[in-house]
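Student: Provided below: data36.tsv, containing TSV, C-alpha atoms.
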```tsv
chain	number	residue	atom	x	y	z
A	1	MET	CA	-101.03	47.03	24.03
A	2	ALA	CA	-97.27	47.76	24.45
A	3	SER	CA	-95.53	46.10	27.45
A	4	LYS	CA	-94.45	48.32	30.31
A	5	ARG	CA	-90.64	48.34	31.19
A	6	PHE	CA	-89.88	47.72	34.85
A	7	THR	CA	-87.23	50.06	36.37
A	8	LEU	CA	-85.68	50.11	39.83
A	9	PRO	CA	-85.66	53.31	41.76
A	10	ALA	CA	-82.24	54.97	41.81
A	11	PHE	CA	-81.89	54.78	45.64
A	12	LEU	CA	-82.41	51.00	45.57
A	13	ILE	CA	-79.69	50.54	42.94
A	14	VAL	CA	-77.21	52.50	45.11
A	15	ALA	CA	-78.10	50.37	48.14
A	16	LEU	CA	-77.52	47.11	46.24
A	17	ILE	CA	-74.12	48.29	44.97
A	18	PHE	CA	-73.04	49.25	48.55
A	19	ALA	CA	-74.15	45.88	49.90
A	20	PHE	CA	-72.16	44.02	47.21
A	21	ILE	CA	-68.95	45.96	47.99
A	22	THR	CA	-69.30	45.33	51.74
A	23	LEU	CA	-69.89	41.60	51.21
A	24	HIS	CA	-66.79	41.33	48.98
A	25	LYS	CA	-64.55	42.99	51.58
A	26	SER	CA	-65.85	40.68	54.29
A	27	SER	CA	-65.17	37.51	52.28
A	28	SER	CA	-61.68	38.74	51.39
A	29	SER	CA	-60.78	39.27	55.04
A	30	LYS	CA	-62.09	35.79	55.97
A	31	SER	CA	-59.95	34.14	53.32
A	32	ALA	CA	-56.84	35.51	55.08
A	33	GLY	CA	-57.58	33.30	58.09
A	34	PRO	CA	-59.50	33.52	61.34
A	35	SER	CA	-58.86	36.35	63.77
A	36	VAL	CA	-57.26	34.62	66.78
A	37	TRP	CA	-54.94	35.78	69.55
A	38	GLN	CA	-51.27	35.46	68.76
A	39	PRO	CA	-48.17	36.13	70.86
A	40	PRO	CA	-46.72	39.61	70.20
A	41	HIS	CA	-43.57	38.31	68.44
A	42	ILE	CA	-45.74	36.29	66.00
A	43	ARG	CA	-48.27	39.08	65.52
A	44	SER	CA	-45.64	41.66	64.53
A	45	ALA	CA	-44.01	39.19	62.14
A	46	VAL	CA	-47.33	38.55	60.38
A	47	ALA	CA	-48.00	42.28	60.06
A	48	ASN	CA	-44.69	42.76	58.25
A	49	VAL	CA	-45.37	40.12	55.59
A	50	SER	CA	-46.49	41.85	52.38
A	51	ASP	CA	-46.65	38.70	50.25
A	52	PRO	CA	-49.63	36.58	51.43
A	53	TYR	CA	-47.92	33.46	50.06
A	54	ALA	CA	-44.56	34.11	51.72
A	55	THR	CA	-43.21	31.59	54.26
A	56	LEU	CA	-43.29	33.00	57.76
A	57	GLU	CA	-40.16	32.33	59.80
A	58	ILE	CA	-41.07	32.26	63.49
A	59	PRO	CA	-38.14	33.27	65.70
A	60	THR	CA	-36.89	30.60	68.14
A	61	ILE	CA	-37.50	31.51	71.76
A	62	ILE	CA	-34.68	30.29	74.03
A	63	THR	CA	-35.57	29.97	77.69
A	64	THR	CA	-32.74	29.52	80.19
A	65	LYS	CA	-33.54	27.63	83.37
A	66	ARG	CA	-32.11	29.33	86.44
A	67	ALA	CA	-29.57	27.27	88.34
A	68	PRO	CA	-30.71	25.96	91.75
A	69	ARG	CA	-29.83	28.00	94.84
A	70	TYR	CA	-28.88	24.99	96.94
A	71	ALA	CA	-27.24	21.60	96.61
A	72	VAL	CA	-27.33	18.33	98.49
A	73	ALA	CA	-23.88	16.81	98.06
A	74	SER	CA	-22.31	13.46	98.76
A	75	SER	CA	-19.13	11.75	97.64
A	76	VAL	CA	-18.05	8.41	96.21
A	77	MET	CA	-14.28	8.15	96.35
A	78	THR	CA	-14.12	4.37	95.75
A	79	ALA	CA	-16.27	2.18	93.52
A	80	ARG	CA	-17.60	0.05	96.38
A	81	PHE	CA	-19.54	3.04	97.76
A	82	THR	CA	-21.54	3.39	94.52
A	83	GLN	CA	-24.58	1.43	95.70
A	84	TYR	CA	-24.63	3.31	99.02
A	85	ALA	CA	-24.89	6.58	97.11
A	86	MET	CA	-27.63	5.11	94.92
A	87	MET	CA	-29.57	4.24	98.06
A	88	LEU	CA	-29.07	7.73	99.51
A	89	GLY	CA	-30.18	9.39	96.26
A	90	TYR	CA	-33.27	7.20	96.08
A	91	THR	CA	-34.38	7.89	99.66
A	92	LEU	CA	-33.61	11.62	99.47
A	93	GLN	CA	-35.93	11.99	96.47
A	94	LYS	CA	-38.54	9.76	98.06
A	95	HIS	CA	-38.99	12.22	100.93
A	96	ASN	CA	-38.10	15.58	99.32
A	97	ASP	CA	-39.27	17.65	96.35
A	98	PHE	CA	-35.98	19.17	95.22
A	99	GLU	CA	-37.54	21.37	92.58
A	100	ALA	CA	-39.70	22.97	95.27
A	101	LEU	CA	-36.62	23.27	97.52
A	102	ASP	CA	-34.71	24.97	94.67
A	103	ALA	CA	-31.95	22.40	95.08
A	104	GLU	CA	-30.20	19.63	93.17
A	105	LEU	CA	-28.21	16.49	93.99
A	106	ILE	CA	-24.47	16.67	93.28
A	107	LEU	CA	-21.98	13.85	93.77
A	108	LEU	CA	-18.23	14.31	94.11
A	109	VAL	CA	-16.38	11.37	92.54
A	110	ARG	CA	-12.81	10.41	91.71
A	111	THR	CA	-12.25	8.47	88.48
A	112	GLU	CA	-8.46	8.04	88.61
A	113	GLY	CA	-6.26	5.88	90.79
A	114	LYS	CA	-6.81	2.82	92.94
A	115	GLU	CA	-10.44	1.68	93.42
A	116	ALA	CA	-11.71	4.65	91.39
A	117	VAL	CA	-15.29	5.04	90.23
A	118	THR	CA	-15.95	3.43	86.83
A	119	PRO	CA	-18.05	4.66	83.87
A	120	GLN	CA	-20.63	1.96	84.68
A	121	ASN	CA	-20.84	3.26	88.27
A	122	ILE	CA	-21.39	6.79	86.97
A	123	THR	CA	-24.19	5.65	84.64
A	124	ARG	CA	-26.02	4.07	87.57
A	125	LEU	CA	-25.47	7.06	89.84
A	126	GLU	CA	-26.80	9.46	87.21
A	127	ARG	CA	-29.83	7.25	86.69
A	128	VAL	CA	-30.90	7.66	90.31
A	129	GLY	CA	-30.60	11.45	90.06
A	130	TRP	CA	-27.03	12.48	90.93
A	131	LYS	CA	-25.25	15.22	89.00
A	132	ILE	CA	-21.66	13.96	88.77
A	133	MET	CA	-18.77	16.26	89.71
A	134	ILE	CA	-15.43	14.64	88.77
A	135	GLU	CA	-12.41	15.97	90.65
A	136	LYS	CA	-8.79	14.88	90.99
A	137	ASP	CA	-7.34	14.12	94.42
A	138	LEU	CA	-6.44	17.24	96.35
A	139	GLU	CA	-2.77	17.55	97.22
A	140	PHE	CA	-1.46	19.23	100.37
A	141	GLN	CA	2.08	20.39	100.92
A	142	GLY	CA	3.93	18.18	103.38
A	143	VAL	CA	1.00	15.77	103.86
A	144	ASP	CA	1.55	12.07	103.11
A	145	LYS	CA	-1.97	10.82	102.36
A	146	GLY	CA	-0.68	7.27	102.50
A	147	LYS	CA	-0.58	7.61	106.29
A	148	ILE	CA	-4.30	8.41	106.49
A	149	ARG	CA	-6.45	5.45	107.52
A	150	PRO	CA	-7.36	3.52	104.32
A	151	TYR	CA	-11.16	3.87	104.68
A	152	HIS	CA	-10.79	7.67	105.10
A	153	ARG	CA	-7.86	8.25	102.74
A	154	TYR	CA	-9.72	10.26	100.11
A	155	ASN	CA	-12.17	12.09	102.39
A	156	LEU	CA	-10.21	15.35	102.32
A	157	ASN	CA	-11.41	15.72	98.71
A	158	LYS	CA	-14.66	16.84	100.36
A	159	LEU	CA	-13.03	20.28	100.72
A	160	TYR	CA	-13.65	20.84	97.00
A	161	LEU	CA	-17.28	21.56	97.86
A	162	TRP	CA	-16.34	24.86	99.49
A	163	SER	CA	-15.24	26.07	96.04
A	164	TYR	CA	-18.72	25.48	94.55
A	165	THR	CA	-19.82	29.06	95.13
A	166	ASN	CA	-22.57	28.88	92.52
A	167	TYR	CA	-24.68	27.52	95.41
A	168	GLU	CA	-25.77	29.67	98.34
A	169	ARG	CA	-25.59	26.72	100.70
A	170	ILE	CA	-24.62	23.06	100.47
A	171	VAL	CA	-25.83	20.19	102.63
A	172	PHE	CA	-23.27	17.40	102.60
A	173	ILE	CA	-24.45	13.89	103.52
A	174	ASP	CA	-22.22	10.81	103.66
A	175	ALA	CA	-23.13	8.05	101.20
A	176	ASP	CA	-23.54	5.46	103.98
A	177	THR	CA	-26.77	7.07	105.15
A	178	LEU	CA	-30.47	6.89	104.36
A	179	CYS	CA	-33.06	9.64	104.40
A	180	LYS	CA	-36.46	9.08	106.02
A	181	ALA	CA	-37.99	12.60	106.13
A	182	SER	CA	-37.66	16.18	104.83
A	183	ILE	CA	-34.28	17.91	104.98
A	184	ALA	CA	-35.64	21.37	104.10
A	185	GLU	CA	-34.57	22.85	107.44
A	186	LEU	CA	-30.92	22.14	106.69
A	187	PHE	CA	-30.85	24.82	103.97
A	188	ASP	CA	-31.98	27.49	106.42
A	189	GLN	CA	-29.12	27.15	108.90
A	190	PRO	CA	-27.29	30.33	109.93
A	191	GLY	CA	-23.54	30.85	109.98
A	192	GLU	CA	-20.65	29.17	108.21
A	193	ILE	CA	-21.23	25.55	109.18
A	194	ALA	CA	-23.58	23.36	111.20
A	195	GLY	CA	-23.21	19.73	112.23
A	196	THR	CA	-24.61	17.19	114.69
A	197	PRO	CA	-22.56	16.42	117.82
A	198	ASP	CA	-20.72	13.13	117.42
A	199	THR	CA	-21.60	10.04	119.48
A	200	TRP	CA	-19.28	7.31	120.77
A	201	TRP	CA	-19.82	4.07	122.65
A	202	ASP	CA	-19.04	5.86	125.94
A	203	ILE	CA	-20.10	9.43	125.03
A	204	LEU	CA	-23.63	10.30	123.96
A	205	THR	CA	-22.93	13.95	123.11
A	206	ASP	CA	-19.43	14.98	122.06
A	207	THR	CA	-18.28	18.61	121.89
A	208	ARG	CA	-17.14	17.92	118.32
A	209	PHE	CA	-19.41	17.37	115.33
A	210	ASN	CA	-19.66	14.37	113.02
A	211	SER	CA	-18.81	15.48	109.47
A	212	GLY	CA	-21.15	12.91	107.92
A	213	VAL	CA	-23.93	15.52	107.74
A	214	ILE	CA	-23.03	19.20	107.58
A	215	SER	CA	-24.72	22.33	106.26
A	216	PHE	CA	-22.29	25.04	105.16
A	217	ARG	CA	-21.87	28.18	103.10
A	218	PRO	CA	-19.40	27.78	100.18
A	219	SER	CA	-16.58	30.30	99.95
A	220	ILE	CA	-13.60	30.28	97.59
A	221	GLU	CA	-11.59	32.18	100.20
A	222	GLU	CA	-12.41	29.53	102.81
A	223	PHE	CA	-11.51	26.78	100.35
A	224	ASN	CA	-8.08	28.29	99.66
A	225	ASN	CA	-7.43	28.79	103.36
A	226	MET	CA	-8.40	25.21	104.20
A	227	VAL	CA	-6.14	23.70	101.54
A	228	VAL	CA	-3.24	25.54	103.16
A	229	ALA	CA	-4.39	24.76	106.72
A	230	VAL	CA	-4.30	20.98	106.13
A	231	SER	CA	-0.51	21.30	106.03
A	232	ASP	CA	-0.51	22.84	109.52
A	233	PRO	CA	0.33	20.09	112.09
A	234	SER	CA	-1.91	21.80	114.66
A	235	MET	CA	-4.86	21.43	112.29
A	236	HIS	CA	-4.21	18.01	110.77
A	237	LYS	CA	-2.56	14.93	112.25
A	238	PRO	CA	-0.82	12.50	109.85
A	239	ASN	CA	-3.44	9.73	110.05
A	240	ASP	CA	-6.54	11.96	110.29
A	241	ALA	CA	-9.02	12.69	107.52
A	242	ASP	CA	-11.69	15.35	107.04
A	243	GLN	CA	-13.60	15.13	110.33
A	244	ALA	CA	-10.74	15.93	112.73
A	245	PHE	CA	-9.51	18.66	110.41
A	246	LEU	CA	-12.91	20.35	110.01
A	247	ASN	CA	-13.44	20.31	113.77
A	248	ALA	CA	-10.06	21.95	114.32
A	249	TYR	CA	-10.54	24.47	111.52
A	250	PHE	CA	-14.09	25.51	112.52
A	251	ARG	CA	-13.50	25.29	116.27
A	252	PHE	CA	-15.85	27.67	118.11
A	253	ARG	CA	-17.47	28.60	114.77
A	254	PHE	CA	-19.92	25.74	114.15
A	255	HIS	CA	-23.36	25.38	115.66
A	256	ALA	CA	-25.03	22.10	116.55
A	257	LEU	CA	-27.80	20.38	114.65
A	258	PRO	CA	-30.33	18.09	116.36
A	259	TYR	CA	-29.55	14.37	116.58
A	260	LYS	CA	-32.26	13.63	114.04
A	261	TYR	CA	-30.14	14.97	111.17
A	262	ASN	CA	-27.28	12.53	111.82
A	263	PHE	CA	-28.83	9.62	113.65
A	264	ASN	CA	-25.70	7.64	114.45
A	265	LEU	CA	-25.99	3.85	114.35
A	266	ILE	CA	-23.68	3.53	117.37
A	267	MET	CA	-26.60	4.67	119.53
A	268	TYR	CA	-28.58	1.54	118.64
A	269	GLN	CA	-26.20	-0.71	120.56
A	270	HIS	CA	-24.71	1.62	123.19
A	271	HIS	CA	-27.43	4.23	123.84
A	272	ARG	CA	-30.54	2.24	123.00
A	273	ARG	CA	-33.03	4.29	125.04
A	274	THR	CA	-32.00	7.44	123.17
A	275	TRP	CA	-32.21	5.61	119.83
A	276	ASP	CA	-35.71	4.30	120.55
A	277	ALA	CA	-36.91	7.68	121.82
A	278	PHE	CA	-35.74	9.63	118.78
A	279	TRP	CA	-36.22	7.07	115.98
A	280	PRO	CA	-39.71	8.37	115.01
A	281	GLU	CA	-38.32	11.84	114.27
A	282	ALA	CA	-35.00	10.76	112.73
A	283	VAL	CA	-34.33	12.30	109.30
A	284	ILE	CA	-30.88	11.01	108.29
A	285	VAL	CA	-29.77	7.60	109.59
A	286	HIS	CA	-25.99	7.13	109.51
A	287	PHE	CA	-24.61	3.58	109.25
A	288	THR	CA	-21.31	4.33	110.96
A	289	THR	CA	-20.39	1.18	112.89
A	290	LYS	CA	-21.92	-1.42	110.57
A	291	LYS	CA	-21.99	-0.89	106.83
A	292	PRO	CA	-24.71	-2.79	104.92
A	293	MET	CA	-23.05	-5.65	103.05
A	294	PRO	CA	-24.11	-7.87	100.13
A	295	ASP	CA	-22.93	-11.18	101.58
A	296	LYS	CA	-22.94	-10.58	105.35
A	297	HIS	CA	-26.49	-9.56	106.13
A	298	CYS	CA	-27.00	-8.45	109.71
A	299	ARG	CA	-30.11	-10.26	110.98
A	300	LYS	CA	-31.60	-11.11	114.37
A	301	GLY	CA	-28.80	-11.77	116.81
A	302	CYS	CA	-26.50	-9.25	115.11
A	303	ASN	CA	-25.88	-6.09	117.16
A	304	GLU	CA	-27.57	-3.78	114.62
A	305	TRP	CA	-30.08	-6.21	113.13
A	306	GLU	CA	-33.21	-3.99	113.14
A	307	PRO	CA	-31.64	-1.00	111.32
A	308	SER	CA	-29.96	-3.45	108.92
A	309	GLU	CA	-33.25	-5.14	108.08
A	310	TRP	CA	-34.78	-1.70	107.49
A	311	TYR	CA	-31.91	-0.90	105.10
A	312	SER	CA	-32.49	-4.19	103.24
A	313	MET	CA	-36.19	-3.43	102.85
A	314	LEU	CA	-35.41	-0.06	101.24
A	315	CYS	CA	-32.60	-1.57	99.17
A	316	LYS	CA	-35.01	-4.11	97.69
A	317	GLU	CA	-37.45	-1.28	96.96
A	318	MET	CA	-34.75	0.74	95.17
A	319	LEU	CA	-33.51	-2.23	93.13
A	320	GLU	CA	-37.03	-3.02	91.95
A	321	PHE	CA	-37.80	0.63	91.18
A	322	TYR	CA	-34.79	0.96	88.86
A	323	SER	CA	-34.94	-2.66	87.58
A	324	TYR	CA	-31.58	-3.57	89.12
A	325	SER	CA	-32.83	-6.60	91.07
A	326	GLY	CA	-30.93	-9.16	89.01
A	327	GLU	CA	-27.92	-6.94	88.46
A	328	LEU	CA	-27.00	-5.50	91.88
A	329	PRO	CA	-26.91	-7.28	95.26
A	330	LEU	CA	-29.28	-6.80	98.15
A	331	LEU	CA	-27.48	-4.93	100.93
A	332	GLY	CA	-28.21	-5.36	104.59
```
Is it possible to express this structure as structure tokens?
Tutor:
Amino acid sequence: MASKRFTLPAFLIVALIFAFITLHKSSSSKSAGPSVWQPPHIRSAVANVSDPYATLEIPTIITTKRAPRYAVASSVMTARFTQYAMMLGYTLQKHNDFEALDAELILLVRTEGKEAVTPQNITRLERVGWKIMIEKDLEFQGVDKGKIRPYHRYNLNKLYLWSYTNYERIVFIDADTLCKASIAELFDQPGEIAGTPDTWWDILTDTRFNSGVISFRPSIEEFNNMVVAVSDPSMHKPNDADQAFLNAYFRFRFHALPYKYNFNLIMYQHHRRTWDAFWPEAVIVHFTTKKPMPDKHCRKGCNEWEPSEWYSMLCKEMLEFYSYSGELPLLG
């Protein structure tokens, strides 16, 4: 008996051919790579590549960080103040988040002339977070800076800060200070300038401010006017520095800050009850009458021994933090 040939129905043949074509397309698309999300600039670049083996050049995206709105400034006019500024920078960052405050630390330095700041000083200052601003000594017509008291001789260079108009507001803090709390409020001060009333051995609250901590609004016009005004004998006496001048220039225009923002060391000896009452809320402690020294530590029996011991404790902490213990002296 002859064998019977087996044949597939026509509709089944068509279905098998359709399935084969669909499977081929699917495998081809998978070989091109998985379907994942891509940034728009990458996605459009891929779409424009006709050669599957071509090298894709991804464009470089350059992001520019916006400059900070505010600055905390200090100054080091002579090399011996370097470690003071290191201490200030360390304690400022210990108690403040400057990125959150939209601020940065800037330090005005002079690198030419007698007792100038050295490259080694600058390396150390940058390491603790200061952005260095090198400026030459300001000159004033008719003013003999040699007559200014030696320890204040270069302080008028502070006026440069008024020309830094890339900042909305600047908080200037003397290097011989330490920070023990947040300074955020100082950026929100109204008006042209704010400062804490000065304190003397016989006066607790002066009508003039101490220029060791000031909050001000930079202005190139104000800067130019001040440089001229220093030559005016009614504004600047021959042996005076920045503080007397700024008080004369901004007379009736400044507003007072609380004691806590310029907690003057003179109060410890001469106004002790006030010092003790306000110490817990003090923010900036100003070592005006007794500078911390490497070889003359002020200890019990010294007029300012408790604040000096506190300074030494923080100095040791800073030296250990930056591994300077065997390189720099302990101040106190």
Student: Calculated over all atoms listed in the file, which of the candidates A:Leu204, A:Ala194, A:Met226, A:Cys315 has the smallest distance to His255 of chain A?
Tutor: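 Using all atoms listed in the file, the shortest distance to His255 of chain A belongs to A:Ala194.
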Student: Can you check which parts of segment 286-327 of chain A lie within 9 Å of segment 162-177 of chain A? Per residue, the shortest pair of atoms and distance in Å to one decimal, counting all atoms listed in the file, sorted by chain and number, as CSV.
Tutor:
```
residue,atom,partner,partner_atom,distance
A:His286,CA,A:Thr177,CA,4.4
A:Phe287,CA,A:Asp176,CA,5.7
A:Thr288,CA,A:Asp176,CA,7.4
A:Lys291,CA,A:Asp176,CA,7.1
A:Pro292,CA,A:Asp176,CA,8.4
```
Student: Select, from A:His236, A:His152, A:Arg217, A:Arg110, the residue with the minimum atom-to-atom distance to Arg69 of chain A, counting only C-alpha atoms.
Tutor: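 Checking each of A:His236, A:His152, A:Arg217, A:Arg110 against Arg69 of chain A, counting only C-alpha atoms, the winner is A:Arg217.
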Student: What does the structure give for the distance between atom CA of Asn262 of chain A and atom CA of Glu317 of chain A, in Å to one decimal?
Tutor: 22.7 Å
Student: As an mmCIF file with C-alpha atoms, in the coordinates of the input, please: the residues near segment 271-282 of chain A (cut-off 8 Å, only C-alpha atoms, same-chain neighbours under 2 positions excluded).
Tutor:
```
data_model
loop_
_atom_site.group_PDB
_atom_site.id
_atom_site.type_symbol
_atom_site.label_atom_id
_atom_site.label_comp_id
_atom_site.auth_asym_id
_atom_site.auth_seq_id
_atom_site.Cartn_x
_atom_site.Cartn_y
_atom_site.Cartn_z
ATOM 1 C CA LYS A 180 -36.460 9.080 106.020
ATOM 2 C CA ALA A 181 -37.990 12.600 106.130
ATOM 3 C CA TRP A 201 -19.820 4.070 122.650
ATOM 4 C CA LEU A 204 -23.630 10.300 123.960
ATOM 5 C CA TYR A 259 -29.550 14.370 116.580
ATOM 6 C CA LYS A 260 -32.260 13.630 114.040
ATOM 7 C CA TYR A 261 -30.140 14.970 111.170
ATOM 8 C CA ASN A 262 -27.280 12.530 111.820
ATOM 9 C CA PHE A 263 -28.830 9.620 113.650
ATOM 10 C CA ILE A 266 -23.680 3.530 117.370
ATOM 11 C CA MET A 267 -26.600 4.670 119.530
ATOM 12 C CA TYR A 268 -28.580 1.540 118.640
ATOM 13 C CA GLN A 269 -26.200 -0.710 120.560
ATOM 14 C CA ILE A 284 -30.880 11.010 108.290
ATOM 15 C CA VAL A 285 -29.770 7.600 109.590
#
```
Student: Write out as a list of chain:residue names the residues lying within 9 Å of segment 92-98 of chain A, counting all atoms listed in the file and excluding same-chain residues fewer than 3 positions away.
Tutor: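 With the cut-off at 9 Å, the set is A:Met87, A:Leu88, A:Gly89, A:Leu101, A:Asp102, A:Ala103, A:Glu104, A:Leu105, A:Gly129, A:Leu178, A:Cys179, A:Lys180, A:Ala181, A:Ser182, A:Ile183, A:Ala184.
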Student: For a test of reading the model, state the distance in Å between atom CA of Ile214 of chain A and atom CA of Val76 of chain A, rounded to one decimal.
Tutor: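 Between atom CA of Ile214 of chain A and atom CA of Val76 of chain A the gap works out to 16.4 Å.
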Student: From the options A:Phe223, A:Tyr154, A:Phe254, A:Tyr322, which residue's atoms come nearest to Gln189 of chain A, counting all atoms listed in the file?
Tutor: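 Comparing A:Phe223, A:Tyr154, A:Phe254, A:Tyr322 against Gln189 of chain A, the winner is A:Phe254.
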Student: Report, in Å with one decimal, the straight-line distance from atom CA of Leu328 of chain A to atom CA of Pro294 of chain A.
Tutor: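 Computing the Euclidean distance for atom CA of Leu328 of chain A and atom CA of Pro294 of chain A yields 9.1 Å.
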Student: May I ask which of the residues A:Gln243, A:Gln120, A:Ser231, A:Ser308 is the closest one to Arg153 of chain A, counting only C-alpha atoms?
Tutor: A:Gln243
Student: Write out as a list in words the residues lying within 7 Å of Asp242 of chain A, counting all atoms listed in the file and excluding same-chain residues fewer than 4 positions away.
Tutor: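 Everything that qualifies: Asn155, Leu156 and Leu246 of chain A.
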Student: Measuring between only C-alpha atoms, which one of A:Pro233, A:Gly191, A:Lys296, A:Ala67 shows the shortest distance to Phe252 of chain A?
Tutor: A:Gly191
Student: Taking only C-alpha atoms into account, which of A:Ser312, A:Thr205, A:Ser211, A:Asn157 comes nearest Phe250 of chain A?
Tutor: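 The closest residue to Phe250 of chain A is A:Ser211.
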Student: I want to know what sits within 6 Å of segment 117-119 of chain A, based on all atoms listed in the file, with residues of the same chain fewer than 4 positions away left out; could you give that as a ChimeraX atom specification?
Tutor: /A:78-79,111
Student: From (-6.1, 20.2, 106.4), in the file's coordinates, out to 10 Å: which residues are reached, counting all atoms listed in the file? Answer as a ChimeraX atom specification.
Tutor: /A:140-141,143,156,159,225-238,240-246,248-249
Student: Please extract segment 208-219 of chain A and write it out with N, CA, C and O atoms, as a tab-separated table (two decimals), in the first residue's frame.
Tutor:
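Result written to result-v6.tsv:
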```
chain	number	residue	atom	x	y	z
A	208	ARG	N	30.62	104.90	71.06
A	208	ARG	CA	31.30	104.50	69.84
A	208	ARG	C	31.39	102.97	69.77
A	208	ARG	O	31.34	102.31	70.80
A	209	PHE	N	31.53	102.45	68.56
A	209	PHE	CA	31.60	100.99	68.41
A	209	PHE	C	33.05	100.52	68.32
A	209	PHE	O	33.95	101.26	67.93
A	210	ASN	N	33.25	99.25	68.66
A	210	ASN	CA	34.54	98.60	68.50
A	210	ASN	C	34.57	97.97	67.11
A	210	ASN	O	33.68	97.19	66.76
A	211	SER	N	35.59	98.31	66.32
A	211	SER	CA	35.62	97.85	64.92
A	211	SER	C	36.12	96.42	64.77
A	211	SER	O	36.31	95.94	63.66
A	212	GLY	N	36.32	95.72	65.90
A	212	GLY	CA	36.78	94.33	65.83
A	212	GLY	C	35.75	93.37	65.28
A	212	GLY	O	36.10	92.31	64.76
A	213	VAL	N	34.46	93.72	65.39
A	213	VAL	CA	33.39	92.93	64.78
A	213	VAL	C	32.38	93.92	64.20
A	213	VAL	O	31.74	94.66	64.95
A	214	ILE	N	32.25	93.93	62.90
A	214	ILE	CA	31.28	94.81	62.24
A	214	ILE	C	30.60	94.06	61.11
A	214	ILE	O	31.18	93.18	60.48
A	215	SER	N	29.35	94.40	60.87
A	215	SER	CA	28.58	93.86	59.75
A	215	SER	C	28.24	95.04	58.86
A	215	SER	O	27.64	96.02	59.31
A	216	PHE	N	28.63	94.98	57.58
A	216	PHE	CA	28.43	96.14	56.71
A	216	PHE	C	28.08	95.73	55.28
A	216	PHE	O	28.29	94.58	54.87
A	217	ARG	N	27.57	96.70	54.55
A	217	ARG	CA	27.20	96.49	53.16
A	217	ARG	C	28.28	97.09	52.27
A	217	ARG	O	28.52	98.30	52.31
A	218	PRO	N	28.98	96.28	51.45
A	218	PRO	CA	30.03	96.81	50.58
A	218	PRO	C	29.47	97.81	49.56
A	218	PRO	O	28.33	97.69	49.12
A	219	SER	N	30.29	98.77	49.21
A	219	SER	CA	29.89	99.78	48.23
A	219	SER	C	31.16	100.40	47.66
A	219	SER	O	31.98	100.93	48.41
```
